[in-house]
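Engineer: CSV, N, CA and C atoms and all ligand atoms, file start-v7.csv:
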chain,number,residue,atom,x,y,z
A,1,MET,N,9.8,-13.2,-16.7
A,1,MET,CA,9.7,-13.8,-15.4
A,1,MET,C,11.0,-14.4,-15.0
A,2,SER,N,11.3,-14.3,-13.8
A,2,SER,CA,12.6,-14.7,-13.3
A,2,SER,C,12.7,-16.3,-13.4
A,3,ASP,N,13.9,-16.7,-13.7
A,3,ASP,CA,14.0,-18.2,-13.8
A,3,ASP,C,14.6,-18.8,-12.5
A,4,VAL,N,14.5,-18.0,-11.5
A,4,VAL,CA,15.0,-18.5,-10.2
A,4,VAL,C,14.1,-19.5,-9.6
A,5,ALA,N,14.7,-20.7,-9.3
A,5,ALA,CA,13.9,-21.7,-8.7
A,5,ALA,C,13.7,-21.5,-7.2
A,6,ALA,N,12.5,-21.7,-6.8
A,6,ALA,CA,12.1,-21.4,-5.4
A,6,ALA,C,12.8,-22.5,-4.5
A,7,LYS,N,13.1,-22.1,-3.4
A,7,LYS,CA,13.7,-23.1,-2.4
A,7,LYS,C,12.5,-24.0,-1.9
A,8,ASP,N,12.9,-25.1,-1.2
A,8,ASP,CA,12.0,-25.9,-0.6
A,8,ASP,C,11.2,-25.2,0.5
A,9,SER,N,10.0,-25.7,0.7
A,9,SER,CA,9.2,-25.1,1.8
A,9,SER,C,9.8,-25.3,3.2
A,10,ILE,N,9.5,-24.4,4.0
A,10,ILE,CA,10.0,-24.5,5.4
A,10,ILE,C,9.0,-25.3,6.2
A,11,ILE,N,9.5,-26.4,6.8
A,11,ILE,CA,8.6,-27.2,7.6
A,11,ILE,C,8.6,-26.7,9.0
A,12,TRP,N,7.4,-26.4,9.5
A,12,TRP,CA,7.3,-25.9,10.9
A,12,TRP,C,7.6,-27.0,11.8
A,13,THR,N,8.5,-26.8,12.7
A,13,THR,CA,8.8,-27.8,13.8
A,13,THR,C,8.8,-27.0,15.1
A,14,ASP,N,8.8,-27.7,16.2
A,14,ASP,CA,8.9,-27.1,17.5
A,14,ASP,C,10.2,-26.3,17.8
A,15,ASP,N,11.2,-26.6,16.9
A,15,ASP,CA,12.5,-25.8,17.0
A,15,ASP,C,12.2,-24.3,16.8
A,16,PHE,N,11.1,-24.0,16.2
A,16,PHE,CA,10.9,-22.5,15.9
A,16,PHE,C,10.2,-21.9,17.1
A,17,LEU,N,9.7,-22.7,18.0
A,17,LEU,CA,8.9,-22.1,19.1
A,17,LEU,C,9.8,-21.4,20.1
A,18,ILE,N,9.4,-20.2,20.5
A,18,ILE,CA,10.2,-19.4,21.4
A,18,ILE,C,9.5,-19.4,22.8
A,19,GLY,N,8.3,-19.9,22.9
A,19,GLY,CA,7.6,-20.0,24.2
A,19,GLY,C,6.7,-18.8,24.6
A,20,ILE,N,6.5,-17.9,23.6
A,20,ILE,CA,5.6,-16.8,23.9
A,20,ILE,C,4.4,-16.9,22.9
A,21,ALA,N,3.3,-17.3,23.4
A,21,ALA,CA,2.2,-17.8,22.4
A,21,ALA,C,1.9,-16.8,21.3
A,22,GLU,N,1.7,-15.6,21.6
A,22,GLU,CA,1.3,-14.7,20.5
A,22,GLU,C,2.4,-14.5,19.5
A,23,LEU,N,3.6,-14.5,19.9
A,23,LEU,CA,4.7,-14.3,19.0
A,23,LEU,C,5.0,-15.6,18.2
A,24,ASP,N,4.8,-16.7,18.9
A,24,ASP,CA,4.9,-18.0,18.1
A,24,ASP,C,3.8,-18.1,17.1
A,25,TYR,N,2.6,-17.7,17.4
A,25,TYR,CA,1.6,-17.7,16.4
A,25,TYR,C,1.9,-16.9,15.2
A,26,GLU,N,2.5,-15.7,15.4
A,26,GLU,CA,2.9,-14.8,14.3
A,26,GLU,C,4.0,-15.4,13.5
A,27,HIS,N,5.0,-16.0,14.2
A,27,HIS,CA,6.1,-16.7,13.4
A,27,HIS,C,5.5,-17.8,12.5
A,28,ARG,N,4.5,-18.5,13.1
A,28,ARG,CA,3.9,-19.6,12.3
A,28,ARG,C,3.2,-19.0,11.0
A,29,MET,N,2.5,-18.0,11.2
A,29,MET,CA,1.8,-17.3,10.1
A,29,MET,C,2.8,-16.8,9.1
A,30,LEU,N,3.9,-16.3,9.6
A,30,LEU,CA,4.9,-15.7,8.7
A,30,LEU,C,5.5,-16.8,7.8
A,31,ILE,N,5.8,-18.0,8.4
A,31,ILE,CA,6.4,-19.1,7.7
A,31,ILE,C,5.4,-19.6,6.6
A,32,LYS,N,4.1,-19.5,7.0
A,32,LYS,CA,3.1,-19.9,6.1
A,32,LYS,C,3.1,-19.0,4.8
A,33,ASP,N,3.2,-17.7,5.1
A,33,ASP,CA,3.3,-16.7,4.0
A,33,ASP,C,4.6,-17.0,3.1
A,34,ILE,N,5.7,-17.2,3.8
A,34,ILE,CA,6.9,-17.4,3.0
A,34,ILE,C,6.8,-18.7,2.2
A,35,ASN,N,6.2,-19.7,2.7
A,35,ASN,CA,5.9,-21.0,1.9
A,35,ASN,C,5.0,-20.7,0.7
A,36,LEU,N,4.0,-19.8,0.9
A,36,LEU,CA,3.2,-19.4,-0.2
A,36,LEU,C,4.0,-18.8,-1.3
A,37,LEU,N,4.9,-17.9,-0.9
A,37,LEU,CA,5.8,-17.2,-1.8
A,37,LEU,C,6.6,-18.2,-2.6
A,38,HIS,N,7.2,-19.2,-1.9
A,38,HIS,CA,8.0,-20.3,-2.5
A,38,HIS,C,7.1,-21.0,-3.6
A,39,GLN,N,5.9,-21.3,-3.2
A,39,GLN,CA,5.0,-22.0,-4.1
A,39,GLN,C,4.7,-21.2,-5.4
A,40,GLU,N,4.4,-19.9,-5.2
A,40,GLU,CA,4.1,-19.0,-6.3
A,40,GLU,C,5.3,-18.9,-7.2
A,41,LEU,N,6.4,-18.8,-6.6
A,41,LEU,CA,7.6,-18.7,-7.5
A,41,LEU,C,7.9,-20.0,-8.2
A,42,SER,N,7.6,-21.1,-7.6
A,42,SER,CA,7.8,-22.4,-8.3
A,42,SER,C,6.9,-22.6,-9.4
A,43,ARG,N,5.6,-22.1,-9.2
A,43,ARG,CA,4.6,-22.2,-10.3
A,43,ARG,C,4.7,-21.2,-11.3
A,44,HIS,N,5.6,-20.2,-11.1
A,44,HIS,CA,5.8,-19.1,-12.0
A,44,HIS,C,4.4,-18.3,-12.2
A,45,ASP,N,3.8,-18.1,-11.0
A,45,ASP,CA,2.6,-17.3,-11.0
A,45,ASP,C,2.8,-15.9,-11.5
A,46,SER,N,1.7,-15.2,-11.7
A,46,SER,CA,1.9,-13.8,-12.3
A,46,SER,C,2.6,-12.9,-11.3
A,47,GLN,N,3.3,-11.9,-11.9
A,47,GLN,CA,4.0,-10.9,-11.1
A,47,GLN,C,3.1,-10.2,-10.1
A,48,ASP,N,1.8,-10.0,-10.5
A,48,ASP,CA,0.9,-9.3,-9.7
A,48,ASP,C,0.6,-10.1,-8.4
A,49,LYS,N,0.4,-11.4,-8.6
A,49,LYS,CA,0.2,-12.3,-7.5
A,49,LYS,C,1.4,-12.3,-6.5
A,50,ILE,N,2.5,-12.5,-7.1
A,50,ILE,CA,3.8,-12.5,-6.3
A,50,ILE,C,4.0,-11.2,-5.6
A,51,LYS,N,3.6,-10.1,-6.3
A,51,LYS,CA,3.7,-8.8,-5.7
A,51,LYS,C,2.8,-8.7,-4.4
A,52,ASP,N,1.6,-9.2,-4.6
A,52,ASP,CA,0.7,-9.2,-3.4
A,52,ASP,C,1.3,-9.9,-2.2
A,53,THR,N,1.8,-11.1,-2.5
A,53,THR,CA,2.3,-11.9,-1.4
A,53,THR,C,3.6,-11.2,-0.8
A,54,LEU,N,4.4,-10.6,-1.6
A,54,LEU,CA,5.6,-9.9,-1.1
A,54,LEU,C,5.1,-8.7,-0.2
A,55,GLY,N,4.0,-8.1,-0.6
A,55,GLY,CA,3.5,-7.0,0.2
A,55,GLY,C,2.9,-7.4,1.5
A,56,ASP,N,2.2,-8.6,1.4
A,56,ASP,CA,1.6,-9.1,2.6
A,56,ASP,C,2.7,-9.5,3.7
A,57,ILE,N,3.8,-10.0,3.2
A,57,ILE,CA,4.9,-10.4,4.1
A,57,ILE,C,5.5,-9.1,4.7
A,58,HIS,N,5.6,-8.1,3.9
A,58,HIS,CA,6.1,-6.8,4.4
A,58,HIS,C,5.2,-6.3,5.5
A,59,ALA,N,3.9,-6.3,5.3
A,59,ALA,CA,3.0,-5.8,6.3
A,59,ALA,C,3.1,-6.6,7.6
A,60,ARG,N,3.2,-7.9,7.4
A,60,ARG,CA,3.2,-8.8,8.5
A,60,ARG,C,4.5,-8.6,9.3
A,61,MET,N,5.6,-8.4,8.6
A,61,MET,CA,6.9,-8.1,9.2
A,61,MET,C,6.9,-6.9,10.0
A,62,GLN,N,6.3,-5.8,9.5
A,62,GLN,CA,6.3,-4.5,10.2
A,62,GLN,C,5.4,-4.7,11.5
A,63,ALA,N,4.3,-5.3,11.4
A,63,ALA,CA,3.4,-5.5,12.5
A,63,ALA,C,4.0,-6.4,13.6
A,64,HIS,N,4.7,-7.4,13.1
A,64,HIS,CA,5.3,-8.3,14.0
A,64,HIS,C,6.4,-7.7,14.8
A,65,PHE,N,7.3,-6.9,14.1
A,65,PHE,CA,8.4,-6.3,14.8
A,65,PHE,C,7.9,-5.3,15.8
A,66,ALA,N,6.8,-4.5,15.4
A,66,ALA,CA,6.3,-3.5,16.3
A,66,ALA,C,5.7,-4.2,17.6
A,67,LEU,N,5.0,-5.3,17.5
A,67,LEU,CA,4.5,-6.0,18.6
A,67,LEU,C,5.6,-6.6,19.5
A,68,GLU,N,6.6,-7.2,18.9
A,68,GLU,CA,7.7,-7.7,19.6
A,68,GLU,C,8.5,-6.7,20.4
A,69,GLU,N,8.7,-5.5,19.7
A,69,GLU,CA,9.4,-4.4,20.4
A,69,GLU,C,8.6,-3.9,21.6
A,70,HIS,N,7.3,-3.8,21.4
A,70,HIS,CA,6.5,-3.4,22.5
A,70,HIS,C,6.6,-4.3,23.7
A,71,PHE,N,6.6,-5.6,23.3
A,71,PHE,CA,6.7,-6.7,24.3
A,71,PHE,C,8.1,-6.5,25.1
A,72,MET,N,9.1,-6.3,24.3
A,72,MET,CA,10.5,-6.2,24.9
A,72,MET,C,10.6,-5.0,25.9
A,73,LEU,N,10.0,-3.9,25.4
A,73,LEU,CA,10.0,-2.6,26.3
A,73,LEU,C,9.2,-2.8,27.5
A,74,GLU,N,8.0,-3.5,27.4
A,74,GLU,CA,7.2,-3.7,28.6
A,74,GLU,C,7.9,-4.6,29.6
A,75,ASN,N,8.8,-5.4,29.1
A,75,ASN,CA,9.5,-6.4,30.0
A,75,ASN,C,10.9,-5.9,30.3
A,76,ASN,N,11.2,-4.7,30.0
A,76,ASN,CA,12.6,-4.1,30.2
A,76,ASN,C,13.7,-5.0,29.7
A,77,TYR,N,13.5,-5.5,28.5
A,77,TYR,CA,14.5,-6.4,28.0
A,77,TYR,C,15.9,-5.7,27.8
A,78,PRO,N,16.9,-6.2,28.4
A,78,PRO,CA,18.2,-5.4,28.4
A,78,PRO,C,18.9,-5.3,27.0
A,79,HIS,N,18.5,-6.2,26.1
A,79,HIS,CA,19.2,-6.1,24.8
A,79,HIS,C,18.2,-5.6,23.7
A,80,TYR,N,17.3,-4.7,24.2
A,80,TYR,CA,16.3,-4.2,23.3
A,80,TYR,C,16.9,-3.5,22.0
A,81,ILE,N,17.9,-2.6,22.3
A,81,ILE,CA,18.4,-1.8,21.2
A,81,ILE,C,19.1,-2.7,20.1
A,82,GLU,N,19.8,-3.7,20.6
A,82,GLU,CA,20.5,-4.7,19.7
A,82,GLU,C,19.5,-5.4,18.9
A,83,HIS,N,18.4,-5.8,19.6
A,83,HIS,CA,17.4,-6.6,18.9
A,83,HIS,C,16.6,-5.8,17.9
A,84,LYS,N,16.3,-4.5,18.3
A,84,LYS,CA,15.6,-3.6,17.4
A,84,LYS,C,16.4,-3.3,16.1
A,85,THR,N,17.7,-3.2,16.3
A,85,THR,CA,18.6,-2.9,15.2
A,85,THR,C,18.5,-4.1,14.2
A,86,GLU,N,18.5,-5.3,14.7
A,86,GLU,CA,18.3,-6.4,13.8
A,86,GLU,C,17.0,-6.3,13.0
A,87,HIS,N,16.0,-6.0,13.7
A,87,HIS,CA,14.7,-5.8,13.0
A,87,HIS,C,14.8,-4.7,12.0
A,88,ASN,N,15.4,-3.6,12.3
A,88,ASN,CA,15.5,-2.5,11.4
A,88,ASN,C,16.3,-2.9,10.1
A,89,ASP,N,17.3,-3.6,10.4
A,89,ASP,CA,18.2,-4.0,9.2
A,89,ASP,C,17.4,-5.0,8.3
A,90,LEU,N,16.7,-5.9,8.9
A,90,LEU,CA,15.9,-6.9,8.1
A,90,LEU,C,14.8,-6.1,7.3
A,91,LEU,N,14.2,-5.2,8.0
A,91,LEU,CA,13.1,-4.4,7.4
A,91,LEU,C,13.6,-3.5,6.3
A,92,ASP,N,14.8,-2.9,6.5
A,92,ASP,CA,15.4,-2.0,5.5
A,92,ASP,C,15.8,-2.8,4.3
A,93,GLU,N,16.4,-3.9,4.5
A,93,GLU,CA,16.8,-4.8,3.4
A,93,GLU,C,15.6,-5.2,2.6
A,94,TYR,N,14.5,-5.7,3.3
A,94,TYR,CA,13.4,-6.2,2.6
A,94,TYR,C,12.6,-5.0,1.9
A,95,THR,N,12.5,-3.9,2.5
A,95,THR,CA,11.9,-2.7,1.9
A,95,THR,C,12.7,-2.3,0.6
A,96,GLY,N,14.0,-2.4,0.7
A,96,GLY,CA,14.9,-2.1,-0.4
A,96,GLY,C,14.6,-3.0,-1.6
A,97,PHE,N,14.4,-4.3,-1.2
A,97,PHE,CA,14.1,-5.3,-2.2
A,97,PHE,C,12.8,-4.9,-2.9
A,98,LEU,N,11.8,-4.6,-2.1
A,98,LEU,CA,10.4,-4.2,-2.7
A,98,LEU,C,10.5,-3.0,-3.6
A,99,VAL,N,11.3,-2.0,-3.2
A,99,VAL,CA,11.4,-0.8,-4.1
A,99,VAL,C,12.0,-1.2,-5.4
A,100,HIS,N,13.0,-2.1,-5.3
A,100,HIS,CA,13.7,-2.6,-6.5
A,100,HIS,C,12.8,-3.4,-7.4
A,101,PHE,N,12.0,-4.2,-6.7
A,101,PHE,CA,11.0,-5.0,-7.4
A,101,PHE,C,10.0,-4.2,-8.1
A,102,GLU,N,9.6,-3.1,-7.5
A,102,GLU,CA,8.5,-2.3,-8.2
A,102,GLU,C,9.0,-1.3,-9.2
A,103,SER,N,10.4,-1.1,-9.2
A,103,SER,CA,10.9,-0.2,-10.2
A,103,SER,C,10.8,-0.8,-11.6
A,104,GLU,N,10.3,0.0,-12.5
A,104,GLU,CA,9.9,-0.5,-13.9
A,104,GLU,C,11.1,-1.0,-14.6
A,105,GLY,N,10.9,-2.1,-15.4
A,105,GLY,CA,11.9,-2.6,-16.3
A,105,GLY,C,13.0,-3.3,-15.6
A,106,ASP,N,12.9,-3.6,-14.3
A,106,ASP,CA,13.9,-4.2,-13.6
A,106,ASP,C,13.5,-5.6,-13.2
A,107,THR,N,14.3,-6.6,-13.6
A,107,THR,CA,13.9,-8.0,-13.2
A,107,THR,C,14.3,-8.2,-11.7
A,108,PRO,N,13.4,-8.5,-10.9
A,108,PRO,CA,13.8,-8.7,-9.5
A,108,PRO,C,14.5,-10.0,-9.3
A,109,SER,N,15.4,-10.0,-8.3
A,109,SER,CA,16.0,-11.2,-7.9
A,109,SER,C,15.2,-11.8,-6.7
A,110,TYR,N,14.4,-12.8,-7.0
A,110,TYR,CA,13.6,-13.4,-5.9
A,110,TYR,C,14.5,-14.0,-4.9
A,111,LEU,N,15.6,-14.5,-5.4
A,111,LEU,CA,16.6,-15.2,-4.4
A,111,LEU,C,16.9,-14.2,-3.3
A,112,GLN,N,17.0,-12.9,-3.6
A,112,GLN,CA,17.4,-11.9,-2.6
A,112,GLN,C,16.3,-11.8,-1.6
A,113,ALA,N,15.0,-11.8,-2.0
A,113,ALA,CA,13.9,-11.8,-1.0
A,113,ALA,C,14.0,-13.1,-0.2
A,114,GLU,N,14.2,-14.2,-0.8
A,114,GLU,CA,14.2,-15.5,-0.1
A,114,GLU,C,15.3,-15.5,0.9
A,115,GLU,N,16.4,-15.0,0.5
A,115,GLU,CA,17.6,-15.0,1.4
A,115,GLU,C,17.4,-14.1,2.6
A,116,ILE,N,16.8,-13.0,2.4
A,116,ILE,CA,16.4,-12.1,3.6
A,116,ILE,C,15.5,-12.8,4.5
A,117,LEU,N,14.4,-13.4,3.9
A,117,LEU,CA,13.4,-14.0,4.7
A,117,LEU,C,13.9,-15.3,5.4
A,118,ASN,N,14.7,-16.0,4.8
A,118,ASN,CA,15.3,-17.2,5.4
A,118,ASN,C,16.2,-16.8,6.5
A,119,ARG,N,17.0,-15.7,6.3
A,119,ARG,CA,17.9,-15.2,7.4
A,119,ARG,C,17.1,-14.8,8.6
A,120,TRP,N,15.9,-14.2,8.3
A,120,TRP,CA,15.1,-13.7,9.4
A,120,TRP,C,14.7,-15.0,10.2
A,121,ILE,N,14.3,-16.0,9.6
A,121,ILE,CA,13.8,-17.2,10.3
A,121,ILE,C,15.0,-17.9,11.0
A,122,VAL,N,16.0,-18.2,10.2
A,122,VAL,CA,17.1,-19.1,10.7
A,122,VAL,C,17.9,-18.3,11.7
A,123,ASP,N,18.4,-17.1,11.3
A,123,ASP,CA,19.3,-16.4,12.2
A,123,ASP,C,18.6,-15.6,13.3
A,124,HIS,N,17.4,-15.1,13.0
A,124,HIS,CA,16.8,-14.2,13.9
A,124,HIS,C,15.9,-14.9,14.9
A,125,ILE,N,14.9,-15.5,14.3
A,125,ILE,CA,13.9,-16.2,15.2
A,125,ILE,C,14.5,-17.2,16.1
A,126,VAL,N,15.3,-18.1,15.5
A,126,VAL,CA,15.8,-19.2,16.4
A,126,VAL,C,17.0,-18.8,17.2
A,127,THR,N,17.5,-17.6,17.0
A,127,THR,CA,18.6,-17.2,17.9
A,127,THR,C,18.2,-16.0,18.7
A,128,SER,N,17.9,-14.8,18.1
A,128,SER,CA,17.7,-13.6,18.8
A,128,SER,C,16.3,-13.6,19.5
A,129,ASP,N,15.3,-14.1,18.8
A,129,ASP,CA,14.0,-14.2,19.5
A,129,ASP,C,14.0,-15.2,20.6
A,130,LYS,N,14.6,-16.3,20.4
A,130,LYS,CA,14.7,-17.3,21.5
A,130,LYS,C,15.5,-16.7,22.7
A,131,LYS,N,16.6,-16.0,22.4
A,131,LYS,CA,17.4,-15.4,23.5
A,131,LYS,C,16.5,-14.4,24.3
A,132,MET,N,15.7,-13.6,23.6
A,132,MET,CA,14.9,-12.7,24.2
A,132,MET,C,13.8,-13.4,25.1
A,133,SER,N,13.2,-14.4,24.6
A,133,SER,CA,12.2,-15.1,25.3
A,133,SER,C,12.8,-15.8,26.6
A,134,ARG,N,14.0,-16.4,26.4
A,134,ARG,CA,14.7,-17.0,27.6
A,134,ARG,C,15.0,-16.0,28.7
A,135,THR,N,15.4,-14.8,28.3
A,135,THR,CA,15.7,-13.8,29.2
A,135,THR,C,14.5,-13.2,30.0
A,136,ILE,N,13.4,-13.0,29.2
A,136,ILE,CA,12.2,-12.4,29.8
A,136,ILE,C,11.5,-13.4,30.7
A,137,ARG,N,11.4,-14.6,30.3
A,137,ARG,CA,10.6,-15.6,31.1
A,137,ARG,C,11.2,-16.0,32.4
A,201,FE,FE,9.9,-12.5,16.0
A,202,FE,FE,12.8,-10.3,16.8
Mind turning the file's structure into structure tokens?
Ligand SMILES: [Fe+2]
Ligand SMILES: [Fe+2]
Structural biologist:
Amino acid sequence: MSDVAAKDSIIWTDDFLIGIAELDYEHRMLIKDINLLHQELSRHDSQDKIKDTLGDIHARMQAHFALEEHFMLENNYPHYIEHKTEHNDLLDEYTGFLVHFESEGDTPSYLQAEEILNRWIVDHIVTSDKKMSRTIR
């Protein structure tokens, strides 16, 4: 088991709100999942359990990006390509991590997953998603 210490939980505050109800709801659920991952890592839960949570986050990430991209297209968001590229990069990095995680005999670096997920929240949601919401509304 990795000896990486999990980071502190992310406390939901209104700073995360972008002002589009369905996307805000998904962001909130995402942060909940990431906090669950932090807890499981802190408790040194089984690899199977952690693997399930990592997979759930992956599924949530894909579904969320698809919904957000659909929303941007519907609203003719002018920075769609740039925003979608950020989604693709985050998803590629995270998928790469999962592949690495699942490869046999390889100790995963949970810090890498947490770094990607934190970057998604800090750099993407509070900057790019907010910018998109400000432009569309
Ligand atoms: Fe988002
Ligand atoms: Fe986004």
Engineer: Got a sec: who's within 8 Å of Ala113 of chain A, counting all atoms listed in the file, leaving out chain neighbours fewer than 3 positions off, as a PyMOL selection string?
Structural biologist: chain A and resi 93-94+97-98+108-110+116-119
Engineer: Find the nearest atom pair between each residue of chain A and ligand FE 201 (chain A) for residues within 8 Å, count only C-alpha atoms and all ligand atoms, give distances in Å to one decimal, sort rows by chain and ascending number, and present the table as a tab-separated table.
Structural biologist:
residue	atom	partner	partner_atom	distance
A:Leu23	CA	A:FE201	FE	6.3
A:Asp24	CA	A:FE201	FE	7.7
A:Glu26	CA	A:FE201	FE	7.6
A:His27	CA	A:FE201	FE	6.2
A:His64	CA	A:FE201	FE	6.5
A:Phe65	CA	A:FE201	FE	6.5
A:Glu68	CA	A:FE201	FE	6.4
A:His124	CA	A:FE201	FE	7.4
A:Ile125	CA	A:FE201	FE	5.5
A:Asp129	CA	A:FE201	FE	5.7
Engineer: Using 10 Å as the limit and counting only C-alpha atoms and all ligand atoms, can you tabulate each residue of chain A that touches ligand FE 202 (chain A), with its shortest atom-to-atom distance in Å and the two atoms involved, as a Markdown table?
Structural biologist:
| residue | atom | partner | partner_atom | distance |
| --- | --- | --- | --- | --- |
| A:Leu23 | CA | A:FE202 | FE | 9.3 |
| A:His27 | CA | A:FE202 | FE | 9.9 |
| A:Met61 | CA | A:FE202 | FE | 9.9 |
| A:His64 | CA | A:FE202 | FE | 8.3 |
| A:Phe65 | CA | A:FE202 | FE | 6.3 |
| A:Ala66 | CA | A:FE202 | FE | 9.4 |
| A:Leu67 | CA | A:FE202 | FE | 9.5 |
| A:Glu68 | CA | A:FE202 | FE | 6.4 |
| A:Glu69 | CA | A:FE202 | FE | 7.7 |
| A:Met72 | CA | A:FE202 | FE | 9.4 |
| A:Tyr80 | CA | A:FE202 | FE | 9.6 |
| A:Glu82 | CA | A:FE202 | FE | 10.0 |
| A:His83 | CA | A:FE202 | FE | 6.3 |
| A:Lys84 | CA | A:FE202 | FE | 7.3 |
| A:Thr85 | CA | A:FE202 | FE | 9.5 |
| A:Glu86 | CA | A:FE202 | FE | 7.4 |
| A:His87 | CA | A:FE202 | FE | 6.2 |
| A:Asn88 | CA | A:FE202 | FE | 9.9 |
| A:Leu90 | CA | A:FE202 | FE | 9.8 |
| A:Trp120 | CA | A:FE202 | FE | 8.5 |
| A:Ile121 | CA | A:FE202 | FE | 9.5 |
| A:His124 | CA | A:FE202 | FE | 6.3 |
| A:Ile125 | CA | A:FE202 | FE | 6.2 |
| A:Val126 | CA | A:FE202 | FE | 9.4 |
| A:Thr127 | CA | A:FE202 | FE | 9.1 |
| A:Ser128 | CA | A:FE202 | FE | 6.2 |
| A:Asp129 | CA | A:FE202 | FE | 4.9 |
| A:Lys130 | CA | A:FE202 | FE | 8.6 |
| A:Lys131 | CA | A:FE202 | FE | 9.6 |
| A:Met132 | CA | A:FE202 | FE | 8.1 |
| A:Ser133 | CA | A:FE202 | FE | 9.8 |
Engineer: Got time to write the residues from that selection, N, CA and C atoms, as a CSV table (one decimal), in the coordinates of the input?
Structural biologist:
chain,number,residue,atom,x,y,z
A,23,LEU,N,3.6,-14.5,19.9
A,23,LEU,CA,4.7,-14.3,19.0
A,23,LEU,C,5.0,-15.6,18.2
A,27,HIS,N,5.0,-16.0,14.2
A,27,HIS,CA,6.1,-16.7,13.4
A,27,HIS,C,5.5,-17.8,12.5
A,61,MET,N,5.6,-8.4,8.6
A,61,MET,CA,6.9,-8.1,9.2
A,61,MET,C,6.9,-6.9,10.0
A,64,HIS,N,4.7,-7.4,13.1
A,64,HIS,CA,5.3,-8.3,14.0
A,64,HIS,C,6.4,-7.7,14.8
A,65,PHE,N,7.3,-6.9,14.1
A,65,PHE,CA,8.4,-6.3,14.8
A,65,PHE,C,7.9,-5.3,15.8
A,66,ALA,N,6.8,-4.5,15.4
A,66,ALA,CA,6.3,-3.5,16.3
A,66,ALA,C,5.7,-4.2,17.6
A,67,LEU,N,5.0,-5.3,17.5
A,67,LEU,CA,4.5,-6.0,18.6
A,67,LEU,C,5.6,-6.6,19.5
A,68,GLU,N,6.6,-7.2,18.9
A,68,GLU,CA,7.7,-7.7,19.6
A,68,GLU,C,8.5,-6.7,20.4
A,69,GLU,N,8.7,-5.5,19.7
A,69,GLU,CA,9.4,-4.4,20.4
A,69,GLU,C,8.6,-3.9,21.6
A,72,MET,N,9.1,-6.3,24.3
A,72,MET,CA,10.5,-6.2,24.9
A,72,MET,C,10.6,-5.0,25.9
A,80,TYR,N,17.3,-4.7,24.2
A,80,TYR,CA,16.3,-4.2,23.3
A,80,TYR,C,16.9,-3.5,22.0
A,82,GLU,N,19.8,-3.7,20.6
A,82,GLU,CA,20.5,-4.7,19.7
A,82,GLU,C,19.5,-5.4,18.9
A,83,HIS,N,18.4,-5.8,19.6
A,83,HIS,CA,17.4,-6.6,18.9
A,83,HIS,C,16.6,-5.8,17.9
A,84,LYS,N,16.3,-4.5,18.3
A,84,LYS,CA,15.6,-3.6,17.4
A,84,LYS,C,16.4,-3.3,16.1
A,85,THR,N,17.7,-3.2,16.3
A,85,THR,CA,18.6,-2.9,15.2
A,85,THR,C,18.5,-4.1,14.2
A,86,GLU,N,18.5,-5.3,14.7
A,86,GLU,CA,18.3,-6.4,13.8
A,86,GLU,C,17.0,-6.3,13.0
A,87,HIS,N,16.0,-6.0,13.7
A,87,HIS,CA,14.7,-5.8,13.0
A,87,HIS,C,14.8,-4.7,12.0
A,88,ASN,N,15.4,-3.6,12.3
A,88,ASN,CA,15.5,-2.5,11.4
A,88,ASN,C,16.3,-2.9,10.1
A,90,LEU,N,16.7,-5.9,8.9
A,90,LEU,CA,15.9,-6.9,8.1
A,90,LEU,C,14.8,-6.1,7.3
A,120,TRP,N,15.9,-14.2,8.3
A,120,TRP,CA,15.1,-13.7,9.4
A,120,TRP,C,14.7,-15.0,10.2
A,121,ILE,N,14.3,-16.0,9.6
A,121,ILE,CA,13.8,-17.2,10.3
A,121,ILE,C,15.0,-17.9,11.0
A,124,HIS,N,17.4,-15.1,13.0
A,124,HIS,CA,16.8,-14.2,13.9
A,124,HIS,C,15.9,-14.9,14.9
A,125,ILE,N,14.9,-15.5,14.3
A,125,ILE,CA,13.9,-16.2,15.2
A,125,ILE,C,14.5,-17.2,16.1
A,126,VAL,N,15.3,-18.1,15.5
A,126,VAL,CA,15.8,-19.2,16.4
A,126,VAL,C,17.0,-18.8,17.2
A,127,THR,N,17.5,-17.6,17.0
A,127,THR,CA,18.6,-17.2,17.9
A,127,THR,C,18.2,-16.0,18.7
A,128,SER,N,17.9,-14.8,18.1
A,128,SER,CA,17.7,-13.6,18.8
A,128,SER,C,16.3,-13.6,19.5
A,129,ASP,N,15.3,-14.1,18.8
A,129,ASP,CA,14.0,-14.2,19.5
A,129,ASP,C,14.0,-15.2,20.6
A,130,LYS,N,14.6,-16.3,20.4
A,130,LYS,CA,14.7,-17.3,21.5
A,130,LYS,C,15.5,-16.7,22.7
A,131,LYS,N,16.6,-16.0,22.4
A,131,LYS,CA,17.4,-15.4,23.5
A,131,LYS,C,16.5,-14.4,24.3
A,132,MET,N,15.7,-13.6,23.6
A,132,MET,CA,14.9,-12.7,24.2
A,132,MET,C,13.8,-13.4,25.1
A,133,SER,N,13.2,-14.4,24.6
A,133,SER,CA,12.2,-15.1,25.3
A,133,SER,C,12.8,-15.8,26.6
Engineer: Given only N, CA and C atoms as the basis, pick out the residue of A:Arg137, A:His38, A:Arg60, A:Arg28 nearest to Asp8 of chain A.
Structural biologist: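 For Asp8 of chain A, the nearest of the given residues is A:His38.
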Engineer: Please run DSSP on the backbone and report, as a PyMOL selection string, all residues within chain A that come out as alpha helix (DSSP H).
Structural biologist: chain A and resi 21-42+47-74+80-102+110-119+130-136
Engineer: Could you tell me how far atom CA of Lys32 of chain A lies from atom CA of Phe101 of chain A, in Å and to one decimal?
Structural biologist: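 So the answer is 21.6 Å.
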Engineer: Could you please determine the separation between atom C of Ala63 of chain A and atom N of Gln47 of chain A in Å, to one decimal place?
Structural biologist: 26.1 Å
Engineer: Keeping C-alpha atoms, write segment 33-41 of chain A of the structure just shown out as a short mmCIF file (atom, residue, chain, number, x, y, z; two decimals), in the first residue's frame.
Structural biologist:
data_model
loop_
_atom_site.label_atom_id
_atom_site.label_comp_id
_atom_site.auth_asym_id
_atom_site.auth_seq_id
_atom_site.Cartn_x
_atom_site.Cartn_y
_atom_site.Cartn_z
CA ASP A 33 -16.22 11.89 -4.39
CA ILE A 34 -12.75 13.42 -4.18
CA ASN A 35 -13.16 13.82 -0.42
CA LEU A 36 -14.21 10.18 -0.20
CA LEU A 37 -11.00 9.27 -2.02
CA HIS A 38 -8.99 11.38 0.45
CA GLN A 39 -10.65 9.55 3.35
CA GLU A 40 -10.04 6.11 1.86
CA LEU A 41 -6.39 6.95 1.28
#
